[in-house]
Amino acid sequence: MHIQRKAGLRQGKKLSLTSLFTGLVTLVVLLTTTIIMVGSYDSKKQSLMETTLHLNFSNADRMARTMDSLFQSIRGSLAHNAQMLSKVDGMTPEQVGHQLELMRNSSNYFNSIVVIGKDGLVRNVEPTSIGTAGKHITSQAAKEALELKQPYTSAPYMTKNTNRLIVFLSQPIFSNDGTYLGILGGTIYLQENNVLSSIFGNNKVDDFGSYYYIVDSGGHLLYHPDKRLFGNDVSGNEVVQKLMKGQSGEQQVRNLNGNELLAGYSSVPESGWGIVVVSPVALIRQQLIGHIQTIIAYSLIPFIILLSAVILVAHRLARPFAYLADLVSKMGKERIVLPPVKPHWSREADLLTKAVFLAVADIQKQTDQLTQEAATDTLTGLKNRRSLEYTLSQWIASGIPFSLIVLDVDRFKFVNDTYGHVTGDEVLKHVAGVIVSSLRPDDVCHRFGGEEFVILLARTRPAEAFNVAERVRRALEQRKGPIPTQVTVSQGIAHYPQHASEQAELLKKADQALYRAKSNGRNRTMVAEDNPAAPSA
């Protein structure tokens, strides 16, 4: 009776073919939908980010061109009026004042205009209410401009008397015979009404969270939606650093507050300033969530219809769906060899079969790519240490005699300390390229770590390995590298099983030979000392 009850219980737990088939198809459809949504998410994300970056750069570039033209006009106005003042020594204060008033009223370029003699005495100022006429200049920017005797644009600075954030521009005044008379200068109050503030001062964060800001050549904020930040030093920002070098472009960046932004930036050649237009990455995420919700909404009804049809024809469709379920269950466990796709009489089964095949092929392609990346050094493109250890264990297990060369770049720390790590990386890529071009077709080079490389030479005796190593060393010695000094290497050679029968010991022997090469003056190759106990190959 007990056995009968257990048998009846097991029988009661069995699922009907329709329920089982429906569950399997649901799993396959959900898996396929998930893959499609993941792919669509990545594609849409990339598209949105690229579009936003291009748009931000386009806006920044347009604004930069506008500002550049404006500064050219400002500079042209200063140059013209400086020429008009070439006879300033023979002009009365009223005549000079009239010229400055005419210059100020003819445009909205400057909030104030001043003529300073070469002795630092303010001859005229407009508006006269400023009250500095007849006094010597105290502003460091004015002193620099007077000393420079060339067109000058200052970094923004705060005035002592009025506590205004201003930018000072000047043009030298020369007489007709070339005598230096002083400067014609104009001040722009960044936070007050002028041509710059009218164009760029009404800066607000739009409904999408996008905004722009303007920095000077020293990385100080000139315009920003938050006016409290005017004058702040933001030179630590990666985009601002590029603008300070006169570069333009677009990239994803994290600002000084830790927020991820999509930035388009463009420099202003005439003033050395830069304009940055940014949009928050969070905006992209919100749009992507809406995109996924739309996909789900559109996919839901077809999925329900498909599931209903599957239930109605479960018995007839059981075989192809069972095959697909088995195929999906193998994903991630073994490599699947996909047979040619054969048409099926059922449209749903045919479409699903093709979709799953595409999904499996795509996943296997990505898996193969990840496997390749896991065994490759990202900097040099060579096989990495993990791949080296795997190959050594396989060769030793198979009893294949081989030699290995441990190669180390000489004085690499000096290269990094002297030229920087970016140049150090270029040196490593240079060394890797020379090694690969100097090896035989069956030889394999791995990056062991840092500036150390390991070359494996199957079925190669130490003497022949020495010739290969010397060919590599001489090629590096003769090849021009990315630094002015010569790039050389030291090398140590060990042989399996002549010098060691275990992987760790073999690498140790090669390392010891390498250190002997370095101790003997570098830029040389040494072979490990024979191990009397090791069998000959």
# chains A, B, ... in the order shown; residues from 1 in each chain; ligands from 1
call {"tool": "residues_around", "arguments": {"residues": "region 271-282 of chain A", "least_positions_apart": "4", "cutoff": "9 Å", "atoms": "only C-alpha atoms", "output": "JSON, numbers by chain"}}
result
{"A": [49, 52, 53, 56, 57, 59, 60, 61, 63, 64, 67, 68, 71, 72, 153, 208, 209, 210, 211, 212, 213, 214, 215, 216, 217, 218, 219, 239, 240, 243, 244, 245, 246, 247, 248, 252, 259, 260, 261, 262, 263, 264, 265, 266, 267, 286, 287]}
call {"tool": "select_by_dssp", "arguments": {"residues": "region 179-335 of chain A", "states": "alpha helix (DSSP H)", "output": "VMD selection string"}}
result
chain A and resid 195 to 200 238 to 244 281 to 312 314 to 329
call {"tool": "closest_residue", "arguments": {"among": "A:Tyr223, A:Val115, A:Leu169, A:Lys204", "to": "Ile183 (chain A)", "atoms": "only C-alpha atoms"}}
result
A:Val115
call {"tool": "residues_around", "arguments": {"residues": "Ile289 (chain A)", "least_positions_apart": "3", "cutoff": "12 Å", "atoms": "only C-alpha atoms", "output": "number ranges by chain"}}
result
A: 37-38, 40-42, 44-45, 282-286, 292-296
call {"tool": "select_by_dssp", "arguments": {"residues": "region 116-365 of chain A", "states": "strand (DSSP E or B)", "output": "MDAnalysis selection string"}}
result
chainID A and resid 116:117 121:126 136 152:153 157:158 165:174 180:189 211:215 220:223 233 249:254 260:268 273:280
call {"tool": "residues_around", "arguments": {"residues": "region 145-150 of chain A", "least_positions_apart": "3", "cutoff": "9 Å", "atoms": "only C-alpha atoms", "output": "ChimeraX atom specification"}}
result
/A:116-120,140-142,153-154,168-173,180,182-183,185
